[in-house]
Each structure stands twice: as C-alpha cells, then as structure tokens.
file coords02.json (JSON, C-alpha atoms)
[["chain", "number", "residue", "atom", "x", "y", "z"],
["B", 1, "MET", "CA", -12.68, -90.30, -74.19],
["B", 2, "THR", "CA", -11.73, -86.74, -75.07],
["B", 3, "ALA", "CA", -14.33, -86.55, -77.81],
["B", 4, "LEU", "CA", -17.10, -87.55, -75.44],
["B", 5, "ASN", "CA", -20.39, -86.49, -76.95],
["B", 6, "LEU", "CA", -22.28, -85.59, -73.80],
["B", 7, "ALA", "CA", -25.41, -84.39, -75.61],
["B", 8, "GLY", "CA", -25.51, -87.72, -77.44],
["B", 9, "LEU", "CA", -25.12, -89.65, -74.18],
["B", 10, "ILE", "CA", -27.94, -87.69, -72.57],
["B", 11, "ALA", "CA", -30.24, -88.34, -75.52],
["B", 12, "ALA", "CA", -29.41, -92.06, -75.49],
["B", 13, "ALA", "CA", -30.05, -92.33, -71.74],
["B", 14, "ALA", "CA", -33.33, -90.41, -71.95],
["B", 15, "ASP", "CA", -34.48, -92.56, -74.91],
["B", 16, "THR", "CA", -33.73, -95.77, -73.01],
["B", 17, "ILE", "CA", -35.51, -94.66, -69.84],
["B", 18, "ALA", "CA", -38.53, -93.50, -71.86],
["B", 19, "ALA", "CA", -38.67, -96.80, -73.76],
["B", 20, "HIS", "CA", -38.56, -98.81, -70.50],
["B", 21, "ALA", "CA", -40.62, -96.52, -68.25],
["B", 22, "GLU", "CA", -43.60, -98.84, -68.32],
["B", 23, "GLU", "CA", -41.48, -101.89, -67.50],
["B", 24, "LEU", "CA", -39.80, -100.05, -64.57],
["B", 25, "THR", "CA", -43.18, -99.01, -63.23],
["B", 26, "VAL", "CA", -44.47, -102.59, -63.38],
["B", 27, "LEU", "CA", -41.39, -103.80, -61.47],
["B", 28, "ASP", "CA", -41.89, -101.06, -58.88],
["B", 29, "GLN", "CA", -45.60, -101.84, -58.54],
["B", 30, "ALA", "CA", -44.71, -105.36, -57.38],
["B", 31, "ILE", "CA", -42.64, -104.34, -54.36],
["B", 32, "GLY", "CA", -42.42, -100.53, -54.27],
["B", 33, "ASP", "CA", -44.81, -97.63, -54.72],
["B", 34, "GLY", "CA", -45.12, -98.01, -58.48],
["B", 35, "ASP", "CA", -43.73, -94.68, -59.62],
["B", 36, "HIS", "CA", -40.13, -95.52, -60.55],
["B", 37, "GLY", "CA", -40.65, -95.53, -64.31],
["B", 38, "LEU", "CA", -42.56, -92.27, -64.36],
["B", 39, "ASN", "CA", -40.15, -90.61, -61.93],
["B", 40, "MET", "CA", -37.06, -91.63, -63.90],
["B", 41, "LYS", "CA", -38.66, -90.59, -67.18],
["B", 42, "ARG", "CA", -39.54, -87.15, -65.79],
["B", 43, "GLY", "CA", -35.98, -86.70, -64.51],
["B", 44, "PHE", "CA", -34.22, -87.76, -67.68],
["B", 45, "GLU", "CA", -36.57, -85.71, -69.87],
["B", 46, "ALA", "CA", -35.69, -82.68, -67.72],
["B", 47, "VAL", "CA", -32.01, -83.42, -68.29],
["B", 48, "ARG", "CA", -32.63, -83.87, -72.03],
["B", 49, "ALA", "CA", -34.39, -80.50, -72.20],
["B", 50, "GLU", "CA", -31.18, -78.81, -71.07],
["B", 51, "ALA", "CA", -28.71, -81.14, -72.80],
["B", 52, "GLY", "CA", -27.08, -78.25, -74.64],
["B", 53, "VAL", "CA", -26.43, -76.37, -71.40],
["B", 54, "PHE", "CA", -24.87, -79.43, -69.77],
["B", 55, "ALA", "CA", -22.81, -80.37, -72.84],
["B", 56, "ALA", "CA", -21.27, -76.88, -72.93],
["B", 57, "LYS", "CA", -19.72, -77.37, -69.48],
["B", 58, "PRO", "CA", -16.50, -79.23, -68.63],
["B", 59, "LEU", "CA", -17.32, -82.89, -67.83],
["B", 60, "PRO", "CA", -17.08, -82.63, -64.00],
["B", 61, "GLU", "CA", -19.33, -79.54, -63.91],
["B", 62, "ALA", "CA", -21.75, -81.14, -66.38],
["B", 63, "LEU", "CA", -22.10, -84.30, -64.29],
["B", 64, "LYS", "CA", -22.68, -82.28, -61.10],
["B", 65, "ALA", "CA", -25.35, -80.19, -62.84],
["B", 66, "ILE", "CA", -27.04, -83.30, -64.27],
["B", 67, "GLY", "CA", -27.05, -84.85, -60.79],
["B", 68, "THR", "CA", -28.62, -81.74, -59.30],
["B", 69, "LYS", "CA", -31.28, -81.73, -62.01],
["B", 70, "LEU", "CA", -32.08, -85.40, -61.31],
["B", 71, "VAL", "CA", -32.40, -84.72, -57.56],
["B", 72, "MET", "CA", -34.86, -81.93, -58.23],
["B", 73, "THR", "CA", -36.94, -83.67, -60.88],
["B", 74, "VAL", "CA", -36.92, -87.46, -60.36],
["B", 75, "GLY", "CA", -38.57, -87.21, -56.96],
["B", 76, "GLY", "CA", -39.08, -90.06, -54.53],
["B", 77, "ALA", "CA", -36.04, -91.68, -53.01],
["B", 78, "SER", "CA", -34.61, -92.37, -56.47],
["B", 79, "GLY", "CA", -33.92, -88.67, -57.06],
["B", 80, "PRO", "CA", -31.31, -88.26, -54.32],
["B", 81, "LEU", "CA", -29.80, -91.68, -55.08],
["B", 82, "PHE", "CA", -29.33, -91.29, -58.84],
["B", 83, "GLY", "CA", -28.58, -87.58, -58.34],
["B", 84, "THR", "CA", -25.88, -88.39, -55.80],
["B", 85, "LEU", "CA", -24.35, -90.91, -58.22],
["B", 86, "PHE", "CA", -23.91, -88.25, -60.91],
["B", 87, "MET", "CA", -22.98, -85.43, -58.52],
["B", 88, "ALA", "CA", -20.29, -87.54, -56.81],
["B", 89, "LEU", "CA", -19.00, -88.76, -60.16],
["B", 90, "GLY", "CA", -18.66, -85.13, -61.26],
["B", 91, "LYS", "CA", -16.85, -84.26, -58.06],
["B", 92, "GLU", "CA", -14.30, -87.04, -58.48],
["B", 93, "ILE", "CA", -13.74, -87.31, -62.24],
["B", 94, "ALA", "CA", -11.08, -85.55, -64.35],
["B", 95, "ALA", "CA", -12.10, -83.23, -67.19],
["B", 96, "GLU", "CA", -10.66, -85.74, -69.66],
["B", 97, "PRO", "CA", -10.77, -89.05, -67.82],
["B", 98, "ASP", "CA", -8.98, -92.18, -68.90],
["B", 99, "ARG", "CA", -10.31, -95.58, -67.89],
["B", 100, "ALA", "CA", -8.39, -95.69, -64.61],
["B", 101, "ASP", "CA", -9.69, -92.27, -63.63],
["B", 102, "LEU", "CA", -13.27, -93.19, -64.59],
["B", 103, "THR", "CA", -13.00, -96.40, -62.56],
["B", 104, "ALA", "CA", -11.68, -94.61, -59.48],
["B", 105, "ALA", "CA", -14.29, -91.84, -59.71],
["B", 106, "PHE", "CA", -17.05, -94.40, -60.21],
["B", 107, "GLY", "CA", -15.88, -96.23, -57.08],
["B", 108, "LYS", "CA", -16.12, -93.01, -55.05],
["B", 109, "ALA", "CA", -19.55, -92.28, -56.51],
["B", 110, "ILE", "CA", -20.78, -95.72, -55.42],
["B", 111, "GLU", "CA", -19.56, -94.99, -51.89],
["B", 112, "ALA", "CA", -21.53, -91.73, -51.97],
["B", 113, "VAL", "CA", -24.71, -93.55, -53.06],
["B", 114, "ALA", "CA", -24.23, -96.14, -50.30],
["B", 115, "ALA", "CA", -23.84, -93.36, -47.72],
["B", 116, "ARG", "CA", -26.87, -91.47, -49.04],
["B", 117, "GLY", "CA", -29.09, -94.55, -48.92],
["B", 118, "LYS", "CA", -27.45, -95.94, -45.74],
["B", 119, "SER", "CA", -27.25, -99.14, -47.73],
["B", 120, "GLN", "CA", -24.75, -101.73, -48.82],
["B", 121, "VAL", "CA", -24.35, -104.43, -51.44],
["B", 122, "GLY", "CA", -26.71, -107.38, -50.93],
["B", 123, "GLN", "CA", -29.76, -105.39, -49.80],
["B", 124, "LYS", "CA", -31.58, -105.51, -53.16],
["B", 125, "THR", "CA", -30.84, -101.99, -54.40],
["B", 126, "MET", "CA", -29.08, -100.23, -57.29],
["B", 127, "LEU", "CA", -25.80, -100.88, -55.43],
["B", 128, "ASP", "CA", -26.14, -104.55, -56.37],
["B", 129, "VAL", "CA", -25.64, -103.50, -59.99],
["B", 130, "LEU", "CA", -23.23, -100.62, -59.47],
["B", 131, "GLN", "CA", -20.64, -102.66, -57.57],
["B", 132, "PRO", "CA", -20.30, -105.51, -60.12],
["B", 133, "VAL", "CA", -20.15, -102.88, -62.89],
["B", 134, "HIS", "CA", -17.31, -101.16, -61.06],
["B", 135, "ASP", "CA", -15.50, -104.47, -60.67],
["B", 136, "ALA", "CA", -15.93, -105.23, -64.38],
["B", 137, "LEU", "CA", -14.68, -101.76, -65.25],
["B", 138, "ALA", "CA", -11.63, -102.28, -63.03],
["B", 139, "GLY", "CA", -11.13, -105.74, -64.54],
["B", 140, "GLY", "CA", -10.69, -104.39, -68.06],
["B", 141, "LYS", "CA", -13.94, -105.77, -69.54],
["B", 142, "THR", "CA", -15.39, -104.33, -72.76],
["B", 143, "ALA", "CA", -18.51, -102.16, -72.79],
["B", 144, "ALA", "CA", -20.61, -105.10, -74.05],
["B", 145, "GLU", "CA", -19.23, -107.40, -71.35],
["B", 146, "ILE", "CA", -19.90, -104.78, -68.67],
["B", 147, "ALA", "CA", -23.48, -104.41, -69.90],
["B", 148, "ASP", "CA", -23.95, -108.18, -69.59],
["B", 149, "VAL", "CA", -22.52, -108.05, -66.06],
["B", 150, "ALA", "CA", -25.05, -105.31, -65.22],
["B", 151, "ASP", "CA", -28.00, -107.32, -66.59],
["B", 152, "ALA", "CA", -26.92, -110.44, -64.71],
["B", 153, "ALA", "CA", -26.52, -108.36, -61.54],
["B", 154, "ALA", "CA", -30.04, -106.94, -61.92],
["B", 155, "ASP", "CA", -31.37, -110.48, -62.44],
["B", 156, "ALA", "CA", -29.52, -111.52, -59.28],
["B", 157, "THR", "CA", -31.64, -109.11, -57.21],
["B", 158, "VAL", "CA", -34.73, -111.30, -57.89],
["B", 159, "PRO", "CA", -34.07, -113.89, -55.13],
["B", 160, "MET", "CA", -32.82, -111.24, -52.67],
["B", 161, "LYS", "CA", -34.81, -110.00, -49.72],
["B", 162, "ALA", "CA", -35.10, -106.21, -49.70],
["B", 163, "LEU", "CA", -33.52, -104.57, -46.68],
["B", 164, "ARG", "CA", -33.74, -100.91, -47.74],
["B", 165, "GLY", "CA", -36.43, -98.73, -49.21],
["B", 166, "ARG", "CA", -40.16, -99.22, -49.52],
["B", 167, "ALA", "CA", -39.68, -102.86, -50.61],
["B", 168, "SER", "CA", -38.13, -103.68, -47.24],
["B", 169, "PHE", "CA", -41.55, -103.24, -45.59],
["B", 170, "LEU", "CA", -42.64, -106.35, -47.47],
["B", 171, "GLY", "CA", -39.98, -108.54, -45.89],
["B", 172, "ASP", "CA", -39.99, -112.01, -47.43],
["B", 173, "ARG", "CA", -42.66, -110.96, -49.92],
["B", 174, "SER", "CA", -40.01, -108.88, -51.69],
["B", 175, "ILE", "CA", -38.29, -112.13, -52.72],
["B", 176, "GLY", "CA", -38.98, -113.18, -56.31],
["B", 177, "HIS", "CA", -39.13, -109.70, -57.85],
["B", 178, "MET", "CA", -36.38, -107.72, -59.56],
["B", 179, "ASP", "CA", -35.47, -104.42, -57.89],
["B", 180, "ALA", "CA", -36.63, -101.57, -60.13],
["B", 181, "GLY", "CA", -33.62, -99.38, -59.29],
["B", 182, "ALA", "CA", -31.26, -102.22, -60.13],
["B", 183, "ARG", "CA", -33.02, -102.65, -63.49],
["B", 184, "SER", "CA", -32.89, -98.95, -64.39],
["B", 185, "THR", "CA", -29.22, -98.87, -63.41],
["B", 186, "ALA", "CA", -28.47, -101.84, -65.70],
["B", 187, "LEU", "CA", -30.38, -100.15, -68.56],
["B", 188, "LEU", "CA", -28.31, -96.98, -68.14],
["B", 189, "VAL", "CA", -25.04, -98.93, -67.97],
["B", 190, "ARG", "CA", -25.77, -100.69, -71.28],
["B", 191, "THR", "CA", -26.89, -97.52, -73.02],
["B", 192, "LEU", "CA", -24.03, -95.35, -71.83],
["B", 193, "GLY", "CA", -21.47, -98.09, -72.48],
["B", 194, "GLN", "CA", -22.70, -98.45, -76.05],
["B", 195, "ALA", "CA", -22.75, -94.70, -76.64],
["B", 196, "ILE", "CA", -19.27, -94.20, -75.17],
["B", 197, "GLY", "CA", -17.98, -97.15, -77.19],
["B", 198, "GLU", "CA", -19.30, -95.64, -80.40],
["B", 199, "SER", "CA", -17.80, -92.22, -79.73],
["B", 200, "ALA", "CA", -14.41, -93.51, -78.53],
["T", 1, "MET", "CA", -34.97, -64.41, -28.98],
["T", 2, "SER", "CA", -35.03, -66.66, -32.00],
["T", 3, "ASN", "CA", -36.49, -70.10, -31.43],
["T", 4, "VAL", "CA", -35.42, -73.25, -33.27],
["T", 5, "GLY", "CA", -37.54, -73.78, -36.39],
["T", 6, "ILE", "CA", -39.48, -76.99, -36.99],
["T", 7, "VAL", "CA", -39.98, -78.55, -40.44],
["T", 8, "ILE", "CA", -42.40, -81.45, -40.94],
["T", 9, "VAL", "CA", -41.81, -83.71, -43.95],
["T", 10, "SER", "CA", -44.31, -86.46, -44.73],
["T", 11, "HIS", "CA", -45.05, -88.51, -47.84],
["T", 12, "SER", "CA", -48.62, -87.27, -47.43],
["T", 13, "PRO", "CA", -49.46, -83.54, -47.54],
["T", 14, "LEU", "CA", -52.45, -84.29, -45.31],
["T", 15, "VAL", "CA", -50.26, -85.88, -42.62],
["T", 16, "ALA", "CA", -47.76, -83.01, -42.83],
["T", 17, "GLU", "CA", -50.44, -80.33, -42.64],
["T", 18, "GLY", "CA", -52.32, -82.13, -39.87],
["T", 19, "THR", "CA", -49.15, -82.51, -37.82],
["T", 20, "ALA", "CA", -48.32, -78.83, -38.29],
["T", 21, "ASP", "CA", -51.87, -77.98, -37.22],
["T", 22, "MET", "CA", -51.40, -79.99, -34.02],
["T", 23, "VAL", "CA", -48.13, -78.19, -33.29],
["T", 24, "ARG", "CA", -49.75, -74.77, -33.81],
["T", 25, "GLN", "CA", -52.71, -75.56, -31.56],
["T", 26, "MET", "CA", -50.65, -77.18, -28.81],
["T", 27, "VAL", "CA", -47.55, -75.02, -28.84],
["T", 28, "GLY", "CA", -48.57, -71.68, -30.30],
["T", 29, "ASP", "CA", -47.06, -69.28, -32.79],
["T", 30, "GLU", "CA", -43.65, -68.42, -31.38],
["T", 31, "VAL", "CA", -41.94, -71.36, -33.09],
["T", 32, "PRO", "CA", -41.07, -70.97, -36.80],
["T", 33, "LEU", "CA", -42.90, -73.84, -38.48],
["T", 34, "ALA", "CA", -43.22, -75.19, -42.00],
["T", 35, "TRP", "CA", -44.41, -78.43, -43.55],
["T", 36, "CYS", "CA", -44.31, -80.15, -46.92],
["T", 37, "GLY", "CA", -45.59, -83.42, -48.26],
["T", 38, "GLY", "CA", -46.34, -85.18, -51.51],
["T", 39, "ASN", "CA", -44.21, -85.53, -54.61],
["T", 40, "GLY", "CA", -45.29, -82.28, -56.26],
["T", 41, "HIS", "CA", -47.27, -84.20, -58.87],
["T", 42, "GLY", "CA", -50.30, -85.05, -56.79],
["T", 43, "GLY", "CA", -48.97, -88.32, -55.43],
["T", 44, "LEU", "CA", -47.47, -89.57, -52.20],
["T", 45, "GLY", "CA", -43.77, -88.85, -51.80],
["T", 46, "THR", "CA", -41.30, -86.17, -50.84],
["T", 47, "SER", "CA", -39.48, -83.58, -52.90],
["T", 48, "VAL", "CA", -36.03, -82.16, -52.22],
["T", 49, "GLU", "CA", -37.08, -78.83, -53.70],
["T", 50, "ALA", "CA", -40.15, -78.60, -51.45],
["T", 51, "ILE", "CA", -38.09, -79.52, -48.39],
["T", 52, "MET", "CA", -35.55, -76.78, -49.21],
["T", 53, "GLY", "CA", -38.46, -74.34, -49.48],
["T", 54, "ALA", "CA", -39.86, -75.44, -46.11],
["T", 55, "ILE", "CA", -36.44, -75.02, -44.47],
["T", 56, "ASP", "CA", -36.27, -71.47, -45.86],
["T", 57, "LYS", "CA", -39.72, -70.74, -44.50],
["T", 58, "ALA", "CA", -38.97, -72.06, -40.99],
["T", 59, "TRP", "CA", -35.42, -70.72, -40.96],
["T", 60, "SER", "CA", -34.09, -69.48, -37.63],
["T", 61, "GLU", "CA", -30.57, -68.47, -36.67],
["T", 62, "ALA", "CA", -31.04, -70.86, -33.73],
["T", 63, "GLY", "CA", -31.35, -73.69, -36.25],
["T", 64, "VAL", "CA", -33.98, -75.98, -37.73],
["T", 65, "ALA", "CA", -35.08, -79.47, -36.68],
["T", 66, "ILE", "CA", -36.68, -81.63, -39.39],
["T", 67, "LEU", "CA", -39.18, -84.36, -38.50],
["T", 68, "VAL", "CA", -39.75, -87.04, -41.16],
["T", 69, "ASP", "CA", -41.96, -90.08, -41.62],
["T", 70, "LEU", "CA", -40.68, -92.91, -43.85],
["T", 71, "GLY", "CA", -37.23, -93.63, -45.31],
["T", 72, "GLY", "CA", -37.51, -91.57, -48.48],
["T", 73, "ALA", "CA", -38.43, -88.50, -46.43],
["T", 74, "GLU", "CA", -35.21, -88.91, -44.47],
["T", 75, "THR", "CA", -33.06, -89.43, -47.58],
["T", 76, "ASN", "CA", -34.62, -86.45, -49.32],
["T", 77, "SER", "CA", -34.28, -84.26, -46.22],
["T", 78, "GLU", "CA", -30.60, -85.11, -45.87],
["T", 79, "MET", "CA", -30.12, -84.29, -49.55],
["T", 80, "ALA", "CA", -31.94, -80.97, -49.09],
["T", 81, "VAL", "CA", -29.70, -80.03, -46.16],
["T", 82, "GLU", "CA", -26.64, -80.85, -48.22],
["T", 83, "MET", "CA", -27.85, -78.76, -51.15],
["T", 84, "ILE", "CA", -28.62, -75.80, -48.91],
["T", 85, "GLY", "CA", -24.93, -75.99, -48.06],
["T", 86, "GLU", "CA", -22.72, -74.44, -45.43],
["T", 87, "PRO", "CA", -22.91, -72.46, -43.25],
["T", 88, "ARG", "CA", -26.67, -73.03, -42.81],
["T", 89, "ALA", "CA", -26.42, -76.81, -43.11],
["T", 90, "GLN", "CA", -24.57, -76.97, -39.79],
["T", 91, "LYS", "CA", -27.64, -75.57, -38.08],
["T", 92, "ILE", "CA", -30.09, -78.11, -39.51],
["T", 93, "THR", "CA", -30.70, -81.59, -38.07],
["T", 94, "VAL", "CA", -32.89, -84.38, -39.42],
["T", 95, "CYS", "CA", -34.39, -86.05, -36.33],
["T", 96, "ASN", "CA", -34.80, -89.75, -35.75],
["T", 97, "ALA", "CA", -38.20, -89.65, -34.06],
["T", 98, "PRO", "CA", -41.86, -90.41, -34.72],
["T", 99, "ILE", "CA", -43.19, -87.54, -36.81],
["T", 100, "VAL", "CA", -46.24, -86.41, -34.81],
["T", 101, "GLU", "CA", -44.93, -86.87, -31.27],
["T", 102, "GLY", "CA", -41.50, -85.66, -32.36],
["T", 103, "ALA", "CA", -42.84, -82.48, -33.93],
["T", 104, "VAL", "CA", -44.99, -81.58, -30.94],
["T", 105, "MET", "CA", -42.25, -82.32, -28.38],
["T", 106, "ALA", "CA", -39.52, -80.60, -30.41],
["T", 107, "ALA", "CA", -41.71, -77.53, -30.87],
["T", 108, "THR", "CA", -42.56, -77.47, -27.17],
["T", 109, "GLU", "CA", -38.85, -77.58, -26.31],
["T", 110, "SER", "CA", -38.13, -74.90, -28.90],
["T", 111, "SER", "CA", -40.86, -72.58, -27.59],
["T", 112, "GLY", "CA", -39.02, -72.49, -24.27],
["T", 113, "GLY", "CA", -35.91, -71.17, -25.99],
["T", 114, "ALA", "CA", -33.93, -74.43, -26.01],
["T", 115, "SER", "CA", -30.92, -74.87, -28.29],
["T", 116, "LEU", "CA", -31.06, -77.00, -31.46],
["T", 117, "LYS", "CA", -29.11, -79.70, -29.63],
["T", 118, "GLU", "CA", -31.67, -79.78, -26.81],
["T", 119, "VAL", "CA", -34.61, -79.76, -29.22],
["T", 120, "VAL", "CA", -33.16, -82.67, -31.19],
["T", 121, "ALA", "CA", -32.34, -84.62, -28.03],
["T", 122, "THR", "CA", -35.93, -84.26, -26.84],
["T", 123, "ALA", "CA", -37.22, -85.61, -30.17],
["T", 124, "HIS", "CA", -34.71, -88.46, -30.16],
["T", 125, "GLU", "CA", -35.86, -89.58, -26.70],
["T", 126, "LEU", "CA", -39.13, -90.60, -28.37],
["T", 127, "SER", "CA", -37.42, -92.92, -30.81],
["T", 128, "PRO", "CA", -37.61, -96.64, -30.04],
["T", 129, "SER", "CA", -33.96, -97.69, -29.99]]
call {"tool": "encode", "arguments": {"input": "coords02.json", "output": "structure tokens"}}
result
Amino acid sequence: MTALNLAGLIAAAADTIAAHAEELTVLDQAIGDGDHGLNMKRGFEAVRAEAGVFAAKPLPEALKAIGTKLVMTVGGASGPLFGTLFMALGKEIAAEPDRADLTAAFGKAIEAVAARGKSQVGQKTMLDVLQPVHDALAGGKTAAEIADVADAAADATVPMKALRGRASFLGDRSIGHMDAGARSTALLVRTLGQAIGESA
Amino acid sequence: MSNVGIVIVSHSPLVAEGTADMVRQMVGDEVPLAWCGGNGHGGLGTSVEAIMGAIDKAWSEAGVAILVDLGGAETNSEMAVEMIGEPRAQKITVCNAPIVEGAVMAATESSGGASLKEVVATAHELSPS
C-alpha cells in the first residue's frame, strides 16, 4: 500500500457519498432527523476541496486532518463519530501500513468510535458495520468480500431496535428500517476497498 | 475572583438563547456565560465549531461547565473539549443534567464563587439517576 493514492481515495469517497446522499437522507428521515445524506455530503465535499493538502501529508497526519475536517463540517452527531474514526485511525496507523497494521489500527479506531458514541455492537449504529468489516479484514478476506460483508451487516441493522442516537427515541418503531450511519459506512467500505485494490 | 463559566448547548438556538436569558435574569452578570444552538445551516443540531467558540467566550480560569440537551449535543460537546485540548480541557466538564434547571442552578452556584467540581455536582443533583 505504499503507492496509496490518497487524493484518488478522497475523490472516490466523495463521489459515492454524493451519489447516495438522497438515499441516506431517506433512510434517516424514517428513524432519525433526516439530515444524514446532506451532512455527509457537505463533509466529504469539504474534504475533497482540500484533497491536495491532505494528500501531501504523511498518511497518519492526513487521516487526522481529514477526521478533523469531518468533525467541523459534517455536523450533527455523525461529525464527531466519522471524524473520530478517521482521527483515531491516523493516530494508530503506520506511515506505510501493511494489512496487519491496518487491521490493528482499524480495531483501535472502532474502539474510539464506540467510546465517543458510548455505544456498542448490536445497538443499530455504524459499529454494526465496522466490527464485521474489521473481522473480515483480520480474516484475510478480499476487498470485494469485505464490501459484501459490509452490505450484509448494514442490511442486518434493519430488524434491530435502536438503542443509541435519535432513532432510539422511537423504541420499537425503529425496527424495520436500516440505520443510515450503517449504510453510509458500508458505502465507504466498498468504495475505499475498490480504490485501494486498484492502486495496490 | 473568577467564577466558573457556563456554556449552554441546545439543538435549538431558541432554546439555548432562552435558557441563557433565564440565567442572566435570575443570576446576574458575574458569571461568564455563552450559548450556541443549531447546526450552522439553519437547522436543528449542534456544531463542534460553535461549541468551541462558546467555550472560548465563557472561558474562566476557574473552569467551564457545559449544559446540553439531547445526545448529539453531549457527543459534540465532548468532541469540542477534546479538540480544545490540554491544559484547558481539564477545566471543562460536560454536565449530566436537565439543560434549563442545570444551567440556572450551576450558574447560581458559580456566582457564589464555587469551584468547578461544586458547580458540576450541583447540576448533577438534578439528574434523574
């Protein structure tokens, strides 16, 4: 992964979020406050606008800076959660990570997100996608297989009852809808996995 | 004497401003006070950047107590404290208390010269446990 094209990854992520912003908003309207798509789009467009600045930094510094930008621009509760994911990843990852290093850093980043959201797996949040993705990464799966794991994990949030976030106010009425954060996480996993696969 | 600052963070700018107005009228001007609310784009929500700005505005060497409404306000406030960083972060506490009662009681405690720990404890007493 030494030839990681960070600017390319940023563009791919921003394109995906923009293409699915409407879908994410519809998901969030069902059980949240209906701004997830717009919030994520604003955040990733802000990151895209400074892609050159981020890409010029060593990978750990770049990830921390991207996380900070997401915190400041995504807004809502998603800003700190996605921002923390990238910031913690930057804090833990090596400048030229191999798969084992990426897996370990990703595990630490998930712990940071769980602490930030005072949440755990099974509560119908982005963690319900992040954890299976980490396990697939640790289990040696390919990028395409990991993306499928992420999609299945997002689908698996549908029958869950939300225990964190705005959706938790709905109680049983949150059952039957996919968590918007889980969906956006799965979208990013597929996009980044593909882009990394192509540049590896 | 520097009194503990109070920051009010609500998803609604109207709730935040109204709460701050209550604090001012009931407690007076000797407590550093700031509020923020809304997502910065005209909607309901909270913004880390706005919270950091409010902390700056209400900053006191005695510390700052933050009163929040719903979950996202707490998450964003904790993030803001972390991004402000040490050494100031040690003197900032996000309170687990109802926003209106908590803000008024915390400010009342602060106006008497109480420490951050005492101010926070007073707010926490209001929280249903």
call {"tool": "axis_aligned_box", "arguments": {"input": "coords02.json", "around": "segment 84-95 of chain T", "padding_each_side": "8 Å", "output": "AutoDock Vina command-line options"}}
result
--center_x -28.6 --center_y -79.3 --center_z -42.6 --size_x 27.7 --size_y 29.6 --size_z 28.6
call {"tool": "interface_residues", "arguments": {"input": "coords02.json", "of": "chain B", "to": "chain T", "cutoff": "7 Å", "atoms": "all atoms listed in the file", "output": "ChimeraX atom specification"}}
result
/B:71-72,75-77,80,116-117,165
call {"tool": "closest_residue", "arguments": {"input": "coords02.json", "among": "B:Ala94, B:Ala180, B:Val133, B:Ile196", "to": "Leu24 of chain B", "atoms": "only C-alpha atoms"}}
result
B:Ala180
call {"tool": "closest_residue", "arguments": {"input": "coords02.json", "among": "B:Gly79, B:Gly43, B:Gly122, B:Gly140", "to": "Ala100 of chain B", "atoms": "only C-alpha atoms"}}
result
B:Gly140
call {"tool": "atom_distance", "arguments": {"input": "coords02.json", "atom1": "atom CA of Lys57 of chain T", "atom2": "atom CA of Asp29 of chain T"}}
result
13.9 Å
call {"tool": "atom_distance", "arguments": {"input": "coords02.json", "atom1": "atom CA of Thr84 of chain B", "atom2": "atom CA of Ala109 of chain B"}}
result
7.5 Å
call {"tool": "atom_distance", "arguments": {"input": "coords02.json", "atom1": "atom CA of Val47 of chain B", "atom2": "atom CA of Ala186 of chain B"}}
result
18.9 Å
call {"tool": "closest_residue", "arguments": {"input": "coords02.json", "among": "B:Asp179, B:Asp101, B:Glu145, B:Glu92", "to": "Gln123 of chain B", "atoms": "only C-alpha atoms"}}
result
B:Asp179
call {"tool": "residues_around", "arguments": {"input": "coords02.json", "residues": "Cys36 of chain T", "least_positions_apart": "4", "cutoff": "7 Å", "atoms": "only C-alpha atoms", "output": "NGL selection string"}}
result
:T and (8-10 or 13 or 16 or 50-51 or 54)
call {"tool": "closest_residue", "arguments": {"input": "coords02.json", "among": "B:Met87, B:Leu187, B:Ala182, B:Leu102", "to": "Leu130 of chain B", "atoms": "all atoms listed in the file"}}
result
B:Ala182
call {"tool": "closest_residue", "arguments": {"input": "coords02.json", "among": "B:Ala46, B:Ala136, B:Ile31, B:Ala18", "to": "Asp172 of chain B", "atoms": "only C-alpha atoms"}}
result
B:Ile31
call {"tool": "residues_around", "arguments": {"input": "coords02.json", "residues": "Phe82 of chain B", "least_positions_apart": "5", "cutoff": "8 Å", "atoms": "all atoms listed in the file", "output": "PyMOL selection string"}}
result
chain B and resi 67+70-71+113
call {"tool": "closest_residue", "arguments": {"input": "coords02.json", "among": "B:Ala153, B:Met40, B:Ile10, B:Val74", "to": "Glu23 of chain B", "atoms": "all atoms listed in the file"}}
result
B:Met40
call {"tool": "residues_near_point", "arguments": {"input": "coords02.json", "point": "(-31.2, -103.1, -58.2)", "cutoff": "6 Å", "atoms": "only C-alpha atoms", "output": "list in words"}}
result
Lys124, Thr125, Met126, Asp128, Val129, Ala154, Asp179, Ala180, Gly181, Ala182 and Arg183 of chain B
call {"tool": "write_last_selection", "arguments": {"input": "coords02.json", "atoms": "C-alpha atoms", "output": "PDB file, keeping the file's coordinate frame"}}
result
ATOM      1  CA  LYS B 124     -31.580-105.510 -53.160  1.00  0.00           C
ATOM      2  CA  THR B 125     -30.840-101.990 -54.400  1.00  0.00           C
ATOM      3  CA  MET B 126     -29.080-100.230 -57.290  1.00  0.00           C
ATOM      4  CA  ASP B 128     -26.140-104.550 -56.370  1.00  0.00           C
ATOM      5  CA  VAL B 129     -25.640-103.500 -59.990  1.00  0.00           C
ATOM      6  CA  ALA B 154     -30.040-106.940 -61.920  1.00  0.00           C
ATOM      7  CA  ASP B 179     -35.470-104.420 -57.890  1.00  0.00           C
ATOM      8  CA  ALA B 180     -36.630-101.570 -60.130  1.00  0.00           C
ATOM      9  CA  GLY B 181     -33.620 -99.380 -59.290  1.00  0.00           C
ATOM     10  CA  ALA B 182     -31.260-102.220 -60.130  1.00  0.00           C
ATOM     11  CA  ARG B 183     -33.020-102.650 -63.490  1.00  0.00           C
TER      12      ARG B 183
END
call {"tool": "residues_around", "arguments": {"input": "coords02.json", "residues": "segment 114-118 of chain T", "least_positions_apart": "6", "cutoff": "12 Å", "atoms": "only C-alpha atoms", "output": "PyMOL selection string"}}
result
chain T and resi 1-6+31+60-66+90-95+105-108+124-125
